[in-house]
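J.: The structure that follows is given in the form of structure tokens.
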Amino acid sequence: MTLQQFKYIIAIDRYRSFARAAEELDITQPTLSALLVKLESELGVRIFERTNKSVVPTMIGTKIISQAEKALHESERLLELVAEEKGAVDGTLSLAVGPTIAPYILPEFIKNYTKKFPAVSLTINEMKADVMLQGLQLGQIDIGIATSGHAASGIIETKLYTEPFWVYMADGCERKQEVFKPENLSHEKMWIMKESQCMRESAFSFCKARSAGKRIYEAGSIDTLIRIVDQNGGFTIIPEMHLKYLSEAQRSNVRPITGEYVSKRGVSIYIRQDFVRTCLLDSVTQTLISFIPKNMTN
């Protein structure tokens with residue numbers, strides 16, 4: 001058995017497809033099939049049951065794959081420990097970022113990070129928090145960035161910044177005051193994006209009381225919500241880092257939130273408990289802190 005063989009069966013299990021696994025591994029499908037048969041022959045068991053329509057691990061195959069993942073992860077940690085001892089910021093880095101955070105940090109992060117740390121082979125994927133945490137647990141991702149408060153076994157969370165929300169109101173919305181008081185607009189249309197705005201710290205109490213307001217629409221992006229408000233009236237809430245993307249006319253429709261309402265979202269970095277690449281983690285954290293507004297990181 002070799003570590004390379006472990007990579008083969010892990011890829012087959014991940015995709016449940018020889019074609020997709022072979023593409024990921026950059027080998028031909030017949031080669032992958034032959035290598036699997038060889039490993040099964042060495043072990044004397046079938047790792048996968050395969051038909052024309054499916055590839056599914058056997059009961060013993062599931063245990064073998066789990067052990068292979070652990071062995072592969074531990075072998076990678078040896079290289080990471082050596083790199084850490086040398087104080088090197090190089091090698092590969094797989095970063096996952098939540099889709100409601102990515103538009104505000106990735107453009108600047110990629111520009112700054114690749115310039116400062118050219119020896120790092122950087123890969124970034126947008127992922128929702130549950131998928132990200134699973135990827136971290138399986139060792140498929142090195143570092144994750146998502147809204148705060150997601151708990152998972154074997155995962156450490158460190159708060160990165162806290163971002164205030166502002167209210168964006170339509171031209172015809174009742175907004176005589178210079179600050180937003182939710183109780184004054186409970187009769188207006190309220191538009192919400194659940195993934196971004198209704199998680200733990202992220203928004204005021206209307207997100208919890210979904211019966212408030214005439215209508216709640218769960219859109220797919222902040223830009224969509226703003227266009228909906230412009231066309232249909234009412235209001236929504238937007239993260240502070242989105243303000244710079246508004247037109248001059250749209251900025252006149254923005255108000256701060258007042259009163260005893262939670263109107264912010266925490267953003268955190270997530271890593272495995274056994275993550276040893278401290279220098280690499282610091283390189284990511286310091287790059288982010290260098291351009292995130294100071295009022296959010298204090």
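Each chain of the structure tokens is named A, B, ... in the order shown, its residues numbered from 1; ligands are numbered from 1 in display order.
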Stretch 229-242 of chain A: which residues within 7 Å, counting only C-alpha atoms, same-chain residues fewer than 5 positions away excluded, as an MDAnalysis selection string?

T.: chainID A and resid 104 163:170 172:173 188:192 222

J.: Select from stretch 2-137 of chain A everything DSSP, run on the backbone, classes as strand (DSSP E), then give the selection as JSON, numbers by chain.

T.: {"A": [48, 49, 50, 55, 56, 57, 91, 92, 93, 94, 95, 96, 97, 120, 121, 122, 123, 124, 125, 126]}

J.: Name the closest residue to A:Phe48 among the candidates A:Ser252, A:Ser17, A:Ser263, A:Ser75; distances are taken between atoms, counting only C-alpha atoms.

T.: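 Ranking A:Ser252, A:Ser17, A:Ser263, A:Ser75 by distance to A:Phe48, first place goes to A:Ser17.
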
J.: My list of candidates is A:Pro293, A:Gly44, A:Gly135, A:Gly61. Which is closest to A:Ile9 when distances are computed with only C-alpha atoms?

T.: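 Residue with the minimum atom-to-atom distance to A:Ile9: A:Gly61.
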
J.: To test your reading of the structure, identify every residue in stretch 31-109 of chain A that backbone DSSP assigns to alpha helix (DSSP H), and report it as a VMD selection string.

T.: chain A and resid 31 to 43 59 to 86 102 to 109

J.: Env of A:Glu76: 12 Å cut, atoms = only C-alpha atoms, seq-sep filter 6 positions within chain, self excluded. Answer as a list in words.

T.: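 My reading of the contact set: Leu3, Lys7, Glu69, Lys70, Val82, Ala83, Gly91, Thr92, Gly139, Gln140, Asp142, Asp274, Phe275, Val276 and Arg277 of chain A.
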
J.: Given the selection you just returned, output its residues as a file containing all heavy atoms, formatted as an mmCIF file, in the first residue's frame.

T.:
```
data_model
loop_
_atom_site.group_PDB
_atom_site.id
_atom_site.type_symbol
_atom_site.label_atom_id
_atom_site.label_comp_id
_atom_site.auth_asym_id
_atom_site.auth_seq_id
_atom_site.Cartn_x
_atom_site.Cartn_y
_atom_site.Cartn_z
ATOM 1 N N LEU A 3 0.753 5.859 -0.197
ATOM 2 C CA LEU A 3 -0.074 7.046 0.002
ATOM 3 C C LEU A 3 -0.802 7.425 -1.281
ATOM 4 O O LEU A 3 -1.929 7.933 -1.244
ATOM 5 C CB LEU A 3 0.797 8.210 0.478
ATOM 6 C CG LEU A 3 1.414 8.057 1.871
ATOM 7 C CD1 LEU A 3 2.349 9.222 2.165
ATOM 8 C CD2 LEU A 3 0.328 7.971 2.941
ATOM 9 N N LYS A 7 -4.850 8.141 -1.996
ATOM 10 C CA LYS A 7 -5.448 9.276 -2.711
ATOM 11 C C LYS A 7 -6.458 8.796 -3.749
ATOM 12 O O LYS A 7 -7.494 9.428 -3.966
ATOM 13 C CB LYS A 7 -4.354 10.104 -3.394
ATOM 14 C CG LYS A 7 -3.464 10.871 -2.437
ATOM 15 C CD LYS A 7 -2.423 11.687 -3.198
ATOM 16 C CE LYS A 7 -1.521 12.449 -2.235
ATOM 17 N NZ LYS A 7 -0.484 13.249 -2.952
ATOM 18 N N GLU A 69 -7.808 8.281 4.860
ATOM 19 C CA GLU A 69 -7.866 9.735 5.033
ATOM 20 C C GLU A 69 -7.015 10.172 6.214
ATOM 21 O O GLU A 69 -6.296 11.178 6.136
ATOM 22 C CB GLU A 69 -9.319 10.170 5.235
ATOM 23 C CG GLU A 69 -10.163 10.080 3.982
ATOM 24 C CD GLU A 69 -11.629 10.373 4.237
ATOM 25 O OE1 GLU A 69 -12.073 10.204 5.401
ATOM 26 O OE2 GLU A 69 -12.337 10.748 3.283
ATOM 27 N N LYS A 70 -7.081 9.420 7.301
ATOM 28 C CA LYS A 70 -6.281 9.751 8.475
ATOM 29 C C LYS A 70 -4.788 9.615 8.173
ATOM 30 O O LYS A 70 -3.988 10.467 8.551
ATOM 31 C CB LYS A 70 -6.662 8.834 9.635
ATOM 32 C CG LYS A 70 -8.071 9.054 10.162
ATOM 33 C CD LYS A 70 -8.410 8.034 11.244
ATOM 34 C CE LYS A 70 -9.848 8.188 11.714
ATOM 35 N NZ LYS A 70 -10.223 7.149 12.714
ATOM 36 N N VAL A 82 7.757 20.408 9.094
ATOM 37 C CA VAL A 82 9.084 20.796 8.617
ATOM 38 C C VAL A 82 9.058 22.225 8.096
ATOM 39 O O VAL A 82 9.946 23.036 8.410
ATOM 40 C CB VAL A 82 9.568 19.828 7.511
ATOM 41 C CG1 VAL A 82 10.858 20.347 6.884
ATOM 42 C CG2 VAL A 82 9.779 18.437 8.074
ATOM 43 N N ALA A 83 8.025 22.553 7.323
ATOM 44 C CA ALA A 83 7.900 23.913 6.784
ATOM 45 C C ALA A 83 7.743 24.933 7.910
ATOM 46 O O ALA A 83 8.319 26.024 7.869
ATOM 47 C CB ALA A 83 6.710 23.985 5.833
ATOM 48 N N GLY A 91 4.314 26.454 -0.233
ATOM 49 C CA GLY A 91 3.500 25.248 -0.377
ATOM 50 C C GLY A 91 2.111 25.579 -0.868
ATOM 51 O O GLY A 91 1.868 26.625 -1.479
ATOM 52 N N THR A 92 1.168 24.693 -0.608
ATOM 53 C CA THR A 92 -0.205 24.879 -1.065
ATOM 54 C C THR A 92 -1.077 25.408 0.061
ATOM 55 O O THR A 92 -0.849 25.117 1.231
ATOM 56 C CB THR A 92 -0.795 23.556 -1.582
ATOM 57 O OG1 THR A 92 -0.825 22.594 -0.518
ATOM 58 C CG2 THR A 92 0.033 23.008 -2.741
ATOM 59 N N GLY A 139 -9.893 17.367 5.965
ATOM 60 C CA GLY A 139 -8.568 17.764 5.520
ATOM 61 C C GLY A 139 -8.508 18.220 4.078
ATOM 62 O O GLY A 139 -7.433 18.362 3.504
ATOM 63 N N GLN A 140 -9.686 18.492 3.482
ATOM 64 C CA GLN A 140 -9.730 18.951 2.090
ATOM 65 C C GLN A 140 -9.503 20.451 1.982
ATOM 66 O O GLN A 140 -9.190 20.961 0.914
ATOM 67 C CB GLN A 140 -11.084 18.575 1.471
ATOM 68 C CG GLN A 140 -11.346 17.075 1.429
ATOM 69 C CD GLN A 140 -12.796 16.747 1.135
ATOM 70 O OE1 GLN A 140 -13.649 17.634 1.061
ATOM 71 N NE2 GLN A 140 -13.096 15.470 0.968
ATOM 72 N N ASP A 142 -7.716 23.912 4.105
ATOM 73 C CA ASP A 142 -6.778 24.310 5.158
ATOM 74 C C ASP A 142 -7.393 25.333 6.102
ATOM 75 O O ASP A 142 -7.303 25.198 7.320
ATOM 76 C CB ASP A 142 -5.503 24.888 4.534
ATOM 77 C CG ASP A 142 -4.744 23.859 3.712
ATOM 78 O OD1 ASP A 142 -4.557 22.739 4.218
ATOM 79 O OD2 ASP A 142 -4.356 24.180 2.576
ATOM 80 N N ASP A 274 -5.784 20.348 14.890
ATOM 81 C CA ASP A 274 -4.409 19.871 14.720
ATOM 82 C C ASP A 274 -3.664 20.622 13.612
ATOM 83 O O ASP A 274 -2.625 20.171 13.145
ATOM 84 C CB ASP A 274 -4.397 18.361 14.444
ATOM 85 C CG ASP A 274 -5.205 17.981 13.203
ATOM 86 O OD1 ASP A 274 -5.770 18.887 12.548
ATOM 87 O OD2 ASP A 274 -5.274 16.775 12.888
ATOM 88 N N PHE A 275 -4.181 21.774 13.213
ATOM 89 C CA PHE A 275 -3.515 22.584 12.190
ATOM 90 C C PHE A 275 -2.193 23.109 12.738
ATOM 91 O O PHE A 275 -2.156 23.718 13.808
ATOM 92 C CB PHE A 275 -4.418 23.751 11.795
ATOM 93 C CG PHE A 275 -3.948 24.546 10.609
ATOM 94 C CD1 PHE A 275 -4.159 24.091 9.325
ATOM 95 C CD2 PHE A 275 -3.290 25.757 10.781
ATOM 96 C CE1 PHE A 275 -3.737 24.826 8.226
ATOM 97 C CE2 PHE A 275 -2.867 26.500 9.697
ATOM 98 C CZ PHE A 275 -3.090 26.022 8.414
ATOM 99 N N VAL A 276 -1.100 22.860 12.037
ATOM 100 C CA VAL A 276 0.227 23.210 12.569
ATOM 101 C C VAL A 276 0.916 24.331 11.792
ATOM 102 O O VAL A 276 1.971 24.811 12.210
ATOM 103 C CB VAL A 276 1.155 21.966 12.571
ATOM 104 C CG1 VAL A 276 0.606 20.893 13.489
ATOM 105 C CG2 VAL A 276 1.376 21.422 11.160
ATOM 106 N N ARG A 277 0.338 24.780 10.701
ATOM 107 C CA ARG A 277 1.018 25.764 9.853
ATOM 108 C C ARG A 277 0.732 27.188 10.344
ATOM 109 O O ARG A 277 0.059 27.982 9.686
ATOM 110 C CB ARG A 277 0.595 25.569 8.406
ATOM 111 C CG ARG A 277 0.859 24.167 7.901
ATOM 112 C CD ARG A 277 0.266 23.916 6.532
ATOM 113 N NE ARG A 277 1.005 24.602 5.488
ATOM 114 C CZ ARG A 277 0.608 24.620 4.217
ATOM 115 N NH1 ARG A 277 -0.488 23.984 3.850
ATOM 116 N NH2 ARG A 277 1.318 25.261 3.307
#
```

J.: Neighbouring residues of A:Ala11 were defined as those with any atom within 12 Å, considering only C-alpha atoms; residues of the same chain fewer than 4 positions away were excluded. Please report them as an mmCIF file with N, CA and C atoms, in the first residue's frame.

T.:
```
data_model
loop_
_atom_site.group_PDB
_atom_site.id
_atom_site.type_symbol
_atom_site.label_atom_id
_atom_site.label_comp_id
_atom_site.auth_asym_id
_atom_site.auth_seq_id
_atom_site.Cartn_x
_atom_site.Cartn_y
_atom_site.Cartn_z
ATOM 1 N N GLN A 4 -0.163 7.153 -2.418
ATOM 2 C CA GLN A 4 -0.799 7.455 -3.693
ATOM 3 C C GLN A 4 -2.066 6.626 -3.874
ATOM 4 N N GLN A 5 -2.012 5.359 -3.478
ATOM 5 C CA GLN A 5 -3.198 4.508 -3.562
ATOM 6 C C GLN A 5 -4.307 5.033 -2.657
ATOM 7 N N PHE A 6 -3.924 5.559 -1.499
ATOM 8 C CA PHE A 6 -4.923 6.142 -0.603
ATOM 9 C C PHE A 6 -5.629 7.317 -1.286
ATOM 10 N N LYS A 7 -4.850 8.141 -1.996
ATOM 11 C CA LYS A 7 -5.448 9.276 -2.711
ATOM 12 C C LYS A 7 -6.458 8.796 -3.749
ATOM 13 N N TYR A 15 -16.170 11.414 -5.270
ATOM 14 C CA TYR A 15 -16.977 11.695 -6.461
ATOM 15 C C TYR A 15 -17.973 10.592 -6.796
ATOM 16 N N ARG A 16 -17.750 9.392 -6.239
ATOM 17 C CA ARG A 16 -18.583 8.218 -6.561
ATOM 18 C C ARG A 16 -18.678 8.047 -8.083
ATOM 19 N N SER A 17 -17.572 8.319 -8.714
ATOM 20 C CA SER A 17 -17.488 8.239 -10.172
ATOM 21 C C SER A 17 -16.030 8.047 -10.573
ATOM 22 N N PHE A 18 -15.766 7.012 -11.366
ATOM 23 C CA PHE A 18 -14.396 6.782 -11.829
ATOM 24 C C PHE A 18 -13.950 7.899 -12.766
ATOM 25 N N ALA A 19 -14.871 8.363 -13.606
ATOM 26 C CA ALA A 19 -14.514 9.390 -14.588
ATOM 27 C C ALA A 19 -14.108 10.688 -13.898
ATOM 28 N N ARG A 20 -14.911 11.128 -12.934
ATOM 29 C CA ARG A 20 -14.617 12.390 -12.253
ATOM 30 C C ARG A 20 -13.387 12.259 -11.353
ATOM 31 N N ALA A 21 -13.231 11.108 -10.699
ATOM 32 C CA ALA A 21 -12.059 10.893 -9.857
ATOM 33 C C ALA A 21 -10.785 10.877 -10.700
ATOM 34 N N ALA A 22 -10.846 10.211 -11.847
ATOM 35 C CA ALA A 22 -9.683 10.148 -12.738
ATOM 36 C C ALA A 22 -9.300 11.540 -13.232
ATOM 37 N N GLU A 23 -10.316 12.364 -13.520
ATOM 38 C CA GLU A 23 -10.051 13.730 -13.958
ATOM 39 C C GLU A 23 -9.366 14.529 -12.854
ATOM 40 N N GLU A 24 -9.844 14.354 -11.621
ATOM 41 C CA GLU A 24 -9.250 15.041 -10.479
ATOM 42 C C GLU A 24 -7.803 14.617 -10.271
ATOM 43 N N LEU A 25 -7.530 13.318 -10.462
ATOM 44 C CA LEU A 25 -6.198 12.767 -10.226
ATOM 45 C C LEU A 25 -5.267 12.919 -11.423
ATOM 46 N N ASP A 26 -5.839 13.377 -12.552
ATOM 47 C CA ASP A 26 -5.077 13.564 -13.792
ATOM 48 C C ASP A 26 -4.490 12.252 -14.309
ATOM 49 N N ILE A 27 -5.320 11.194 -14.260
ATOM 50 C CA ILE A 27 -4.958 9.910 -14.873
ATOM 51 C C ILE A 27 -6.153 9.431 -15.683
ATOM 52 N N LEU A 32 -7.093 4.153 -13.441
ATOM 53 C CA LEU A 32 -7.630 4.234 -12.083
ATOM 54 C C LEU A 32 -8.329 2.928 -11.698
ATOM 55 N N LEU A 36 -7.223 0.360 -8.664
ATOM 56 C CA LEU A 36 -8.141 -0.043 -7.594
ATOM 57 C C LEU A 36 -8.186 -1.564 -7.469
ATOM 58 N N VAL A 55 -21.033 3.766 -7.920
ATOM 59 C CA VAL A 55 -19.821 3.296 -7.257
ATOM 60 C C VAL A 55 -20.019 3.584 -5.774
ATOM 61 N N PRO A 57 -18.987 2.471 -1.617
ATOM 62 C CA PRO A 57 -18.067 1.720 -0.761
ATOM 63 C C PRO A 57 -18.775 0.537 -0.084
ATOM 64 N N ILE A 65 -11.355 3.508 3.747
ATOM 65 C CA ILE A 65 -11.266 4.883 3.248
ATOM 66 C C ILE A 65 -11.054 5.855 4.403
ATOM 67 N N ALA A 68 -7.559 5.580 5.485
ATOM 68 C CA ALA A 68 -6.688 6.155 4.457
ATOM 69 C C ALA A 68 -6.650 7.675 4.577
ATOM 70 N N GLU A 69 -7.808 8.281 4.860
ATOM 71 C CA GLU A 69 -7.866 9.735 5.033
ATOM 72 C C GLU A 69 -7.015 10.172 6.214
ATOM 73 N N GLN A 140 -9.686 18.492 3.482
ATOM 74 C CA GLN A 140 -9.730 18.951 2.090
ATOM 75 C C GLN A 140 -9.503 20.451 1.982
#
```

J.: Just how far from atom CA of A:Thr100 is atom CA of A:Thr162, in Å to one decimal?

T.: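 Rounded to one decimal, the two atoms are 14.0 Å apart.
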
J.: What gap, in Å, lies between atom CA of A:Leu122 and atom CA of A:Leu93?

T.: 5.0 Å

J.: Closest to A:Ala71 among A:Ile228, A:Lys128, A:Ile10, A:Ile271, using only C-alpha atoms?

T.: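 Result for the nearest residue to A:Ala71: A:Ile10.
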
J.: Could you jot down the atom CA of A:Tyr113 to atom CA of A:Val284 separation for me, Å, one decimal place?

T.: 7.5 Å

J.: Excluding A:Gln273 and its own-chain neighbours fewer than 6 positions away, which residues fall within 10 Å of it when counting only C-alpha atoms? Please give them as a tab-separated table (two decimals) with C-alpha atoms, in the first residue's frame.

T.:
```
chain	number	residue	atom	x	y	z
A	136	LEU	CA	-11.98	21.16	7.12
A	137	GLN	CA	-12.75	18.00	9.10
A	153	SER	CA	-16.06	18.70	16.25
A	154	GLY	CA	-12.31	19.18	15.94
A	155	ILE	CA	-12.63	22.74	14.59
A	156	ILE	CA	-11.27	25.94	16.17
A	157	GLU	CA	-12.97	29.29	15.50
```
